[in-house]
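Containing mmCIF, C-alpha atoms, pLDDT in the B column; chains and numbers go by the auth columns: final.cif.
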data_target
loop_
_atom_site.group_PDB
_atom_site.id
_atom_site.type_symbol
_atom_site.label_atom_id
_atom_site.label_comp_id
_atom_site.label_asym_id
_atom_site.label_seq_id
_atom_site.Cartn_x
_atom_site.Cartn_y
_atom_site.Cartn_z
_atom_site.B_iso_or_equiv
_atom_site.auth_seq_id
_atom_site.auth_asym_id
ATOM 1 C CA ASP A 1 4.045 -12.493 17.253 61.00 1255 A
ATOM 2 C CA GLY A 2 1.882 -12.179 14.157 68.00 1256 A
ATOM 3 C CA GLY A 3 2.972 -10.314 11.103 94.00 1257 A
ATOM 4 C CA ILE A 4 4.409 -10.221 7.628 97.00 1258 A
ATOM 5 C CA THR A 5 8.118 -10.909 7.206 97.00 1259 A
ATOM 6 C CA GLN A 6 10.014 -9.831 4.121 98.00 1260 A
ATOM 7 C CA SER A 7 13.591 -10.812 3.453 97.00 1261 A
ATOM 8 C CA PRO A 8 16.173 -9.738 2.724 96.00 1262 A
ATOM 9 C CA LYS A 9 15.930 -6.099 3.725 96.00 1263 A
ATOM 10 C CA TYR A 10 18.442 -5.105 1.038 96.00 1264 A
ATOM 11 C CA LEU A 11 19.232 -6.989 -2.163 95.00 1265 A
ATOM 12 C CA PHE A 12 21.628 -6.356 -5.019 92.00 1266 A
ATOM 13 C CA ARG A 13 21.148 -7.800 -8.490 90.00 1267 A
ATOM 14 C CA LYS A 14 23.812 -8.288 -11.123 89.00 1268 A
ATOM 15 C CA GLU A 15 23.098 -7.870 -14.827 85.00 1269 A
ATOM 16 C CA GLY A 16 21.238 -10.881 -16.225 87.00 1270 A
ATOM 17 C CA GLN A 17 20.532 -12.374 -12.809 92.00 1271 A
ATOM 18 C CA ASN A 18 17.216 -13.530 -11.382 95.00 1272 A
ATOM 19 C CA VAL A 19 16.602 -12.743 -7.720 96.00 1273 A
ATOM 20 C CA THR A 20 13.847 -13.886 -5.368 97.00 1274 A
ATOM 21 C CA LEU A 21 12.268 -11.812 -2.634 98.00 1275 A
ATOM 22 C CA SER A 22 10.681 -13.673 0.244 98.00 1276 A
ATOM 23 C CA CYS A 23 7.343 -12.865 1.895 98.00 1277 A
ATOM 24 C CA GLU A 24 5.953 -14.937 4.767 98.00 1278 A
ATOM 25 C CA GLN A 25 2.884 -14.221 6.891 97.00 1279 A
ATOM 26 C CA ASN A 26 1.488 -15.904 9.997 95.00 1280 A
ATOM 27 C CA LEU A 27 -1.762 -13.942 10.097 92.00 1281 A
ATOM 28 C CA ASN A 28 -3.749 -16.731 8.412 91.00 1282 A
ATOM 29 C CA HIS A 29 -4.688 -14.299 5.638 91.00 1283 A
ATOM 30 C CA ASP A 30 -5.928 -15.728 2.355 90.00 1284 A
ATOM 31 C CA ALA A 31 -4.889 -12.926 0.010 92.00 1285 A
ATOM 32 C CA MET A 32 -1.364 -11.658 -0.592 96.00 1286 A
ATOM 33 C CA TYR A 33 0.003 -8.875 -2.789 97.00 1287 A
ATOM 34 C CA TRP A 34 3.269 -7.578 -4.204 98.00 1288 A
ATOM 35 C CA TYR A 35 3.768 -3.863 -4.881 98.00 1289 A
ATOM 36 C CA ARG A 36 6.606 -1.820 -6.291 97.00 1290 A
ATOM 37 C CA GLN A 37 7.316 1.733 -5.093 96.00 1291 A
ATOM 38 C CA ASP A 38 9.643 4.105 -6.924 94.00 1292 A
ATOM 39 C CA PRO A 39 10.898 7.358 -5.313 86.00 1293 A
ATOM 40 C CA GLY A 40 8.106 9.904 -5.007 78.00 1294 A
ATOM 41 C CA GLN A 41 5.585 7.444 -6.412 81.00 1295 A
ATOM 42 C CA GLY A 42 2.614 5.576 -5.087 86.00 1296 A
ATOM 43 C CA LEU A 43 2.370 1.804 -4.909 94.00 1297 A
ATOM 44 C CA ARG A 44 1.950 -0.138 -8.141 95.00 1298 A
ATOM 45 C CA LEU A 45 0.556 -3.666 -8.041 95.00 1299 A
ATOM 46 C CA ILE A 46 2.779 -6.388 -9.516 97.00 1300 A
ATOM 47 C CA TYR A 47 0.947 -9.645 -8.681 97.00 1301 A
ATOM 48 C CA TYR A 48 -1.690 -10.789 -6.225 95.00 1302 A
ATOM 49 C CA SER A 49 -3.048 -14.085 -4.985 95.00 1303 A
ATOM 50 C CA GLN A 50 -6.465 -14.634 -3.466 90.00 1304 A
ATOM 51 C CA ILE A 51 -5.912 -18.278 -2.584 90.00 1305 A
ATOM 52 C CA VAL A 52 -3.262 -21.004 -2.614 94.00 1306 A
ATOM 53 C CA ASN A 53 -2.175 -22.192 -6.083 95.00 1307 A
ATOM 54 C CA ASP A 54 -3.816 -19.206 -7.782 94.00 1308 A
ATOM 55 C CA PHE A 55 -2.469 -15.757 -8.645 95.00 1309 A
ATOM 56 C CA GLN A 56 -3.204 -12.902 -11.050 95.00 1310 A
ATOM 57 C CA LYS A 57 -1.149 -10.260 -12.807 95.00 1311 A
ATOM 58 C CA GLY A 58 -1.372 -6.727 -11.543 94.00 1312 A
ATOM 59 C CA ASP A 59 -0.630 -3.551 -13.457 92.00 1313 A
ATOM 60 C CA ILE A 60 3.119 -4.059 -13.943 95.00 1314 A
ATOM 61 C CA ALA A 61 3.703 -7.854 -14.029 97.00 1315 A
ATOM 62 C CA GLU A 62 6.165 -7.923 -16.938 97.00 1316 A
ATOM 63 C CA GLY A 63 9.591 -9.145 -15.833 96.00 1317 A
ATOM 64 C CA TYR A 64 8.287 -10.642 -12.583 97.00 1318 A
ATOM 65 C CA SER A 65 7.009 -14.073 -11.535 98.00 1319 A
ATOM 66 C CA VAL A 66 5.379 -15.456 -8.380 98.00 1320 A
ATOM 67 C CA SER A 67 4.219 -18.715 -6.829 97.00 1321 A
ATOM 68 C CA ARG A 68 1.718 -19.508 -4.078 97.00 1322 A
ATOM 69 C CA GLU A 69 2.313 -23.076 -2.962 97.00 1323 A
ATOM 70 C CA LYS A 70 1.527 -22.398 0.682 96.00 1324 A
ATOM 71 C CA LYS A 71 -0.931 -20.024 2.336 96.00 1325 A
ATOM 72 C CA GLU A 72 1.859 -18.470 4.368 97.00 1326 A
ATOM 73 C CA SER A 73 4.291 -17.764 1.536 98.00 1327 A
ATOM 74 C CA PHE A 74 4.224 -15.639 -1.622 98.00 1328 A
ATOM 75 C CA PRO A 75 7.755 -15.234 -3.086 98.00 1329 A
ATOM 76 C CA LEU A 76 8.447 -12.789 -5.906 98.00 1330 A
ATOM 77 C CA THR A 77 11.139 -13.414 -8.523 98.00 1331 A
ATOM 78 C CA VAL A 78 12.564 -10.433 -10.358 96.00 1332 A
ATOM 79 C CA THR A 79 13.801 -11.858 -13.641 95.00 1333 A
ATOM 80 C CA SER A 80 16.503 -10.590 -15.983 92.00 1334 A
ATOM 81 C CA ALA A 81 13.670 -9.434 -18.267 91.00 1335 A
ATOM 82 C CA GLN A 82 12.913 -6.637 -15.794 91.00 1336 A
ATOM 83 C CA LYS A 83 15.275 -3.960 -17.110 88.00 1337 A
ATOM 84 C CA ASN A 84 14.686 -1.382 -14.396 92.00 1338 A
ATOM 85 C CA PRO A 85 14.328 -3.359 -11.157 94.00 1339 A
ATOM 86 C CA THR A 86 15.691 -0.765 -8.724 95.00 1340 A
ATOM 87 C CA ALA A 87 12.812 -0.003 -6.350 96.00 1341 A
ATOM 88 C CA PHE A 88 11.307 -0.635 -2.918 97.00 1342 A
ATOM 89 C CA TYR A 89 9.263 -3.860 -2.971 98.00 1343 A
ATOM 90 C CA LEU A 90 6.383 -4.282 -0.550 98.00 1344 A
ATOM 91 C CA CYS A 91 4.424 -7.410 0.277 98.00 1345 A
ATOM 92 C CA ALA A 92 0.958 -7.154 1.811 97.00 1346 A
ATOM 93 C CA SER A 93 -1.730 -9.520 3.009 95.00 1347 A
ATOM 94 C CA ARG A 94 -5.464 -9.090 3.487 91.00 1348 A
ATOM 95 C CA ASP A 95 -7.947 -10.439 5.965 79.00 1349 A
ATOM 96 C CA ARG A 96 -11.175 -11.538 4.293 72.00 1350 A
ATOM 97 C CA GLY A 97 -13.092 -11.255 7.534 69.00 1351 A
ATOM 98 C CA LEU A 98 -14.961 -8.333 9.013 60.00 1352 A
ATOM 99 C CA ALA A 99 -12.158 -5.850 8.319 60.00 1353 A
ATOM 100 C CA LYS A 100 -13.096 -5.515 4.678 71.00 1354 A
ATOM 101 C CA ASN A 101 -10.271 -5.081 2.223 78.00 1355 A
ATOM 102 C CA ILE A 102 -7.663 -3.911 4.745 89.00 1356 A
ATOM 103 C CA GLN A 103 -4.122 -4.707 3.644 92.00 1357 A
ATOM 104 C CA TYR A 104 -1.191 -4.944 6.026 93.00 1358 A
ATOM 105 C CA PHE A 105 2.369 -4.487 4.847 97.00 1359 A
ATOM 106 C CA GLY A 106 5.712 -6.081 5.545 97.00 1360 A
ATOM 107 C CA ALA A 107 8.824 -3.972 6.137 97.00 1361 A
ATOM 108 C CA GLY A 108 9.861 -4.116 2.481 97.00 1362 A
ATOM 109 C CA THR A 109 12.891 -5.130 0.435 98.00 1363 A
ATOM 110 C CA ARG A 110 15.043 -2.512 -1.255 97.00 1364 A
ATOM 111 C CA LEU A 111 16.469 -3.854 -4.522 96.00 1365 A
ATOM 112 C CA SER A 112 19.358 -2.230 -6.333 94.00 1366 A
ATOM 113 C CA VAL A 113 21.289 -3.123 -9.478 88.00 1367 A
ATOM 114 C CA LEU A 114 25.079 -3.550 -9.277 83.00 1368 A
ATOM 115 C CA GLN B 1 -8.095 3.533 -15.741 74.00 1131 B
ATOM 116 C CA LYS B 2 -9.098 3.734 -12.091 80.00 1132 B
ATOM 117 C CA GLU B 3 -7.221 6.503 -10.318 91.00 1133 B
ATOM 118 C CA VAL B 4 -6.701 8.058 -6.924 95.00 1134 B
ATOM 119 C CA GLU B 5 -5.324 11.580 -6.904 96.00 1135 B
ATOM 120 C CA GLN B 6 -3.568 13.476 -4.147 96.00 1136 B
ATOM 121 C CA ASN B 7 -1.644 16.717 -3.981 91.00 1137 B
ATOM 122 C CA SER B 8 2.009 15.734 -3.572 88.00 1138 B
ATOM 123 C CA GLY B 9 2.757 18.652 -1.247 89.00 1139 B
ATOM 124 C CA PRO B 10 4.704 19.308 0.832 94.00 1140 B
ATOM 125 C CA LEU B 11 1.948 20.464 3.157 96.00 1141 B
ATOM 126 C CA SER B 12 3.578 22.455 5.918 97.00 1142 B
ATOM 127 C CA VAL B 13 1.699 23.138 9.180 97.00 1143 B
ATOM 128 C CA PRO B 14 2.872 24.477 12.549 98.00 1144 B
ATOM 129 C CA GLU B 15 2.903 22.203 15.563 98.00 1145 B
ATOM 130 C CA GLY B 16 -0.517 22.094 17.238 97.00 1146 B
ATOM 131 C CA ALA B 17 -2.438 23.056 14.091 98.00 1147 B
ATOM 132 C CA ILE B 18 -4.906 20.954 12.110 98.00 1148 B
ATOM 133 C CA ALA B 19 -3.506 19.267 9.010 97.00 1149 B
ATOM 134 C CA SER B 20 -6.004 18.596 6.233 97.00 1150 B
ATOM 135 C CA LEU B 21 -5.128 16.017 3.575 98.00 1151 B
ATOM 136 C CA ASN B 22 -7.355 15.441 0.568 97.00 1152 B
ATOM 137 C CA CYS B 23 -7.893 12.738 -2.027 96.00 1153 B
ATOM 138 C CA THR B 24 -10.229 12.158 -4.974 97.00 1154 B
ATOM 139 C CA TYR B 25 -11.012 8.845 -6.665 96.00 1155 B
ATOM 140 C CA SER B 26 -12.402 7.970 -10.072 94.00 1156 B
ATOM 141 C CA ASP B 27 -14.130 4.602 -9.514 90.00 1157 B
ATOM 142 C CA ARG B 28 -17.734 5.154 -8.388 90.00 1158 B
ATOM 143 C CA GLY B 29 -17.865 1.452 -7.456 88.00 1159 B
ATOM 144 C CA SER B 30 -15.281 1.833 -4.684 90.00 1160 B
ATOM 145 C CA GLN B 31 -16.740 0.937 -1.286 88.00 1161 B
ATOM 146 C CA SER B 32 -13.704 1.123 1.009 91.00 1162 B
ATOM 147 C CA PHE B 33 -11.156 3.853 1.597 94.00 1163 B
ATOM 148 C CA PHE B 34 -7.911 3.906 3.517 95.00 1164 B
ATOM 149 C CA TRP B 35 -5.246 6.261 4.798 97.00 1165 B
ATOM 150 C CA TYR B 36 -1.740 4.913 5.281 97.00 1166 B
ATOM 151 C CA ARG B 37 1.182 6.788 6.839 98.00 1167 B
ATOM 152 C CA GLN B 38 4.648 6.131 5.435 96.00 1168 B
ATOM 153 C CA TYR B 39 7.773 7.422 7.114 97.00 1169 B
ATOM 154 C CA SER B 40 10.800 7.916 4.882 93.00 1170 B
ATOM 155 C CA GLY B 41 12.398 4.572 4.053 92.00 1171 B
ATOM 156 C CA LYS B 42 9.700 2.570 5.836 96.00 1172 B
ATOM 157 C CA SER B 43 6.634 0.615 4.760 96.00 1173 B
ATOM 158 C CA PRO B 44 3.066 1.999 4.870 96.00 1174 B
ATOM 159 C CA GLU B 45 1.177 1.761 8.141 96.00 1175 B
ATOM 160 C CA LEU B 46 -2.642 1.808 8.224 95.00 1176 B
ATOM 161 C CA ILE B 47 -4.009 4.677 10.290 96.00 1177 B
ATOM 162 C CA MET B 48 -7.671 4.994 9.221 95.00 1178 B
ATOM 163 C CA PHE B 49 -10.276 3.247 7.118 94.00 1179 B
ATOM 164 C CA ILE B 50 -13.803 4.391 6.243 95.00 1180 B
ATOM 165 C CA TYR B 51 -16.648 2.701 4.407 91.00 1181 B
ATOM 166 C CA SER B 52 -19.660 5.001 4.914 91.00 1182 B
ATOM 167 C CA ASN B 53 -20.385 8.618 4.055 94.00 1183 B
ATOM 168 C CA GLY B 54 -19.615 11.045 6.842 95.00 1184 B
ATOM 169 C CA ASP B 55 -16.928 11.306 9.474 96.00 1185 B
ATOM 170 C CA LYS B 56 -15.027 8.673 11.404 96.00 1186 B
ATOM 171 C CA GLU B 57 -12.879 9.721 14.350 97.00 1187 B
ATOM 172 C CA ASP B 58 -10.017 7.868 16.037 96.00 1188 B
ATOM 173 C CA GLY B 59 -8.014 9.899 18.535 97.00 1189 B
ATOM 174 C CA ARG B 60 -6.446 12.870 16.753 98.00 1190 B
ATOM 175 C CA PHE B 61 -7.436 11.519 13.328 98.00 1191 B
ATOM 176 C CA THR B 62 -10.729 12.066 11.482 98.00 1192 B
ATOM 177 C CA ALA B 63 -11.478 10.517 8.109 97.00 1193 B
ATOM 178 C CA GLN B 64 -14.222 12.076 5.990 98.00 1194 B
ATOM 179 C CA LEU B 65 -15.940 10.443 3.019 97.00 1195 B
ATOM 180 C CA ASN B 66 -18.256 12.015 0.446 97.00 1196 B
ATOM 181 C CA LYS B 67 -19.188 9.404 -2.151 94.00 1197 B
ATOM 182 C CA ALA B 68 -21.290 11.820 -4.211 95.00 1198 B
ATOM 183 C CA SER B 69 -18.247 14.029 -4.728 95.00 1199 B
ATOM 184 C CA GLN B 70 -15.829 11.047 -4.790 96.00 1200 B
ATOM 185 C CA TYR B 71 -13.752 12.754 -2.122 96.00 1201 B
ATOM 186 C CA VAL B 72 -11.913 11.456 0.939 97.00 1202 B
ATOM 187 C CA SER B 73 -10.033 13.536 3.472 98.00 1203 B
ATOM 188 C CA LEU B 74 -7.955 13.052 6.591 98.00 1204 B
ATOM 189 C CA LEU B 75 -7.778 15.614 9.365 98.00 1205 B
ATOM 190 C CA ILE B 76 -5.000 15.468 11.937 98.00 1206 B
ATOM 191 C CA ARG B 77 -5.695 17.574 15.011 98.00 1207 B
ATOM 192 C CA ASP B 78 -2.948 18.930 17.283 98.00 1208 B
ATOM 193 C CA SER B 79 -0.302 18.027 14.690 98.00 1209 B
ATOM 194 C CA GLN B 80 3.030 16.875 16.100 97.00 1210 B
ATOM 195 C CA PRO B 81 6.482 16.788 14.478 97.00 1211 B
ATOM 196 C CA SER B 82 6.192 12.968 14.678 97.00 1212 B
ATOM 197 C CA ASP B 83 3.257 13.205 12.236 98.00 1213 B
ATOM 198 C CA SER B 84 5.681 14.358 9.530 98.00 1214 B
ATOM 199 C CA ALA B 85 5.458 11.642 6.876 97.00 1215 B
ATOM 200 C CA THR B 86 3.902 10.838 3.513 96.00 1216 B
ATOM 201 C CA TYR B 87 0.206 9.995 3.704 97.00 1217 B
ATOM 202 C CA LEU B 88 -1.110 7.570 1.089 97.00 1218 B
ATOM 203 C CA CYS B 89 -4.788 7.488 0.202 97.00 1219 B
ATOM 204 C CA ALA B 90 -6.179 4.217 -1.219 95.00 1220 B
ATOM 205 C CA ALA B 91 -9.549 3.211 -2.641 94.00 1221 B
ATOM 206 C CA GLY B 92 -10.870 -0.323 -2.926 89.00 1222 B
ATOM 207 C CA ALA B 93 -11.309 -1.717 -6.429 82.00 1223 B
ATOM 208 C CA GLU B 94 -13.934 -4.282 -5.653 71.00 1224 B
ATOM 209 C CA GLY B 95 -15.262 -6.484 -8.431 63.00 1225 B
ATOM 210 C CA GLY B 96 -16.567 -10.016 -8.028 56.00 1226 B
ATOM 211 C CA ALA B 97 -13.997 -12.066 -6.150 53.00 1227 B
ATOM 212 C CA THR B 98 -11.258 -9.542 -6.755 63.00 1228 B
ATOM 213 C CA ASN B 99 -10.296 -7.052 -4.088 77.00 1229 B
ATOM 214 C CA LYS B 100 -7.497 -4.673 -4.846 87.00 1230 B
ATOM 215 C CA LEU B 101 -6.457 -1.235 -3.649 91.00 1231 B
ATOM 216 C CA ILE B 102 -5.653 1.692 -5.886 92.00 1232 B
ATOM 217 C CA PHE B 103 -3.120 4.002 -4.254 94.00 1233 B
ATOM 218 C CA GLY B 104 -2.518 7.690 -4.742 95.00 1234 B
ATOM 219 C CA THR B 105 1.040 9.004 -4.983 94.00 1235 B
ATOM 220 C CA GLY B 106 0.886 10.426 -1.460 95.00 1236 B
ATOM 221 C CA THR B 107 1.011 13.827 0.237 96.00 1237 B
ATOM 222 C CA LEU B 108 4.125 14.799 2.159 96.00 1238 B
ATOM 223 C CA LEU B 109 3.223 16.428 5.481 97.00 1239 B
ATOM 224 C CA ALA B 110 5.801 18.519 7.347 98.00 1240 B
ATOM 225 C CA VAL B 111 4.901 19.644 10.873 97.00 1241 B
ATOM 226 C CA GLN B 112 7.092 22.552 11.955 96.00 1242 B
ATOM 227 C CA PRO B 113 8.070 22.681 15.663 94.00 1243 B
#

What do you get writing this file as structure tokens?
Amino acid sequence: DGGITQSPKYLFRKEGQNVTLSCEQNLNHDAMYWYRQDPGQGLRLIYYSQIVNDFQKGDIAEGYSVSREKKESFPLTVTSAQKNPTAFYLCASRDRGLAKNIQYFGAGTRLSVL
Amino acid sequence: QKEVEQNSGPLSVPEGAIASLNCTYSDRGSQSFFWYRQYSGKSPELIMFIYSNGDKEDGRFTAQLNKASQYVSLLIRDSQPSDSATYLCAAGAEGGATNKLIFGTGTLLAVQP
């Protein structure tokens, strides 16, 4: 069953702690993206990766880090430098084939601060 | 700053009516446009995409694109209470090898039984 799997569904961060959100896809997509969504807001791009071992900052990268060691995986770390991390985090992947620029989303991770 | 603008709503329509959702975009270079539906607490789900000027129909949904006016719309015919959700409009920010989407803040649609 193909798709994008995000885990955990809910995550709680303590003050000064780094936490890592997982995103795995088995769609054989080259590009992957991380977005943040705050209540009543649209999606803001944190980081994206077009290919393995390469990634670029999005609009709100400060306080976040990523890696892309495998095509299937694009984990996001929310560092202690991110002072307002409470949000809904969405991972997406894109097919570079005929379906131009279409992004598909995982179910999301809801992060809260304890 | 490339932007996509939507009226936040709520847009309230009676069951069976046509819901009309609108979106404008600032980047004249955008070539691809998308409508995603997002139920409360869930992730966005793609419902329509359009690349060319004119109309594109899929079941009860019609996407309309006017590149000269930088305007995209989504029509939902025979609206159902299950259509009640936030609808996100997105425009492609294509440039070289980079392909990103710029999202609007969404329009909340409420279909009244």

Chain and number of each residue from the PyMOL selection byres ((chain A) within 10 of (chain B)), as an MDAnalysis selection string: chainID A and resid 1285 1287 1291 1293:1299 1302:1304 1310 1312 1342:1346 1348 1350 1353:1364

12 Å contact set for Asp1188 of chain B, all atoms listed in the file, chain neighbours under 6 positions out, as an MDAnalysis selection string: chainID B and resid 1177:1180 1194 1204:1207

Polymer residues at most 6 Å from (7.8, -12.2, -4.7) by only C-alpha atoms, as a ChimeraX atom specification: /A:1275-1276,1320,1328-1331

Keeping only C-alpha atoms, write the selected residues as a PDB file, keeping the file's coordinate frame.
ATOM      1  CA  LEU A1275      12.268 -11.812  -2.634  1.00 98.00           C
ATOM      2  CA  SER A1276      10.681 -13.673   0.244  1.00 98.00           C
ATOM      3  CA  VAL A1320       5.379 -15.456  -8.380  1.00 98.00           C
ATOM      4  CA  PHE A1328       4.224 -15.639  -1.622  1.00 98.00           C
ATOM      5  CA  PRO A1329       7.755 -15.234  -3.086  1.00 98.00           C
ATOM      6  CA  LEU A1330       8.447 -12.789  -5.906  1.00 98.00           C
ATOM      7  CA  THR A1331      11.139 -13.414  -8.523  1.00 98.00           C
TER       8      THR A1331
END

Pairwise distance for atom CA of Leu1151 of chain B and atom CA of Phe1191 of chain B, rounded to one decimal in Å: 11.0 Å

Report as a PDB file with C-alpha atoms, in the frame of the given file the full result of the PyMOL selection byres ((chain B and resi 1211) around 8) when it is applied to this structure.
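In the end it all went to result_0.pdb:
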ATOM      1  CA  GLU B1145       2.903  22.203  15.563  1.00 98.00           C
ATOM      2  CA  SER B1209      -0.302  18.027  14.690  1.00 98.00           C
ATOM      3  CA  GLN B1210       3.030  16.875  16.100  1.00 97.00           C
ATOM      4  CA  SER B1212       6.192  12.968  14.678  1.00 97.00           C
ATOM      5  CA  ASP B1213       3.257  13.205  12.236  1.00 98.00           C
ATOM      6  CA  SER B1214       5.681  14.358   9.530  1.00 98.00           C
ATOM      7  CA  ALA B1240       5.801  18.519   7.347  1.00 98.00           C
ATOM      8  CA  VAL B1241       4.901  19.644  10.873  1.00 97.00           C
ATOM      9  CA  GLN B1242       7.092  22.552  11.955  1.00 96.00           C
ATOM     10  CA  PRO B1243       8.070  22.681  15.663  1.00 94.00           C
TER      11      PRO B1243
END

Please write as a CSV table (one decimal) with C-alpha atoms, keeping the file's coordinate frame the full residue list that the PyMOL selection byres ((chain B and resi 1155) around 8) yields on this file.
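Heads up, here's the output in expr_33.csv:
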chain,number,residue,atom,x,y,z
B,1132,LYS,CA,-9.1,3.7,-12.1
B,1133,GLU,CA,-7.2,6.5,-10.3
B,1134,VAL,CA,-6.7,8.1,-6.9
B,1135,GLU,CA,-5.3,11.6,-6.9
B,1153,CYS,CA,-7.9,12.7,-2.0
B,1154,THR,CA,-10.2,12.2,-5.0
B,1156,SER,CA,-12.4,8.0,-10.1
B,1157,ASP,CA,-14.1,4.6,-9.5
B,1158,ARG,CA,-17.7,5.2,-8.4
B,1200,GLN,CA,-15.8,11.0,-4.8
B,1201,TYR,CA,-13.8,12.8,-2.1
B,1221,ALA,CA,-9.5,3.2,-2.6
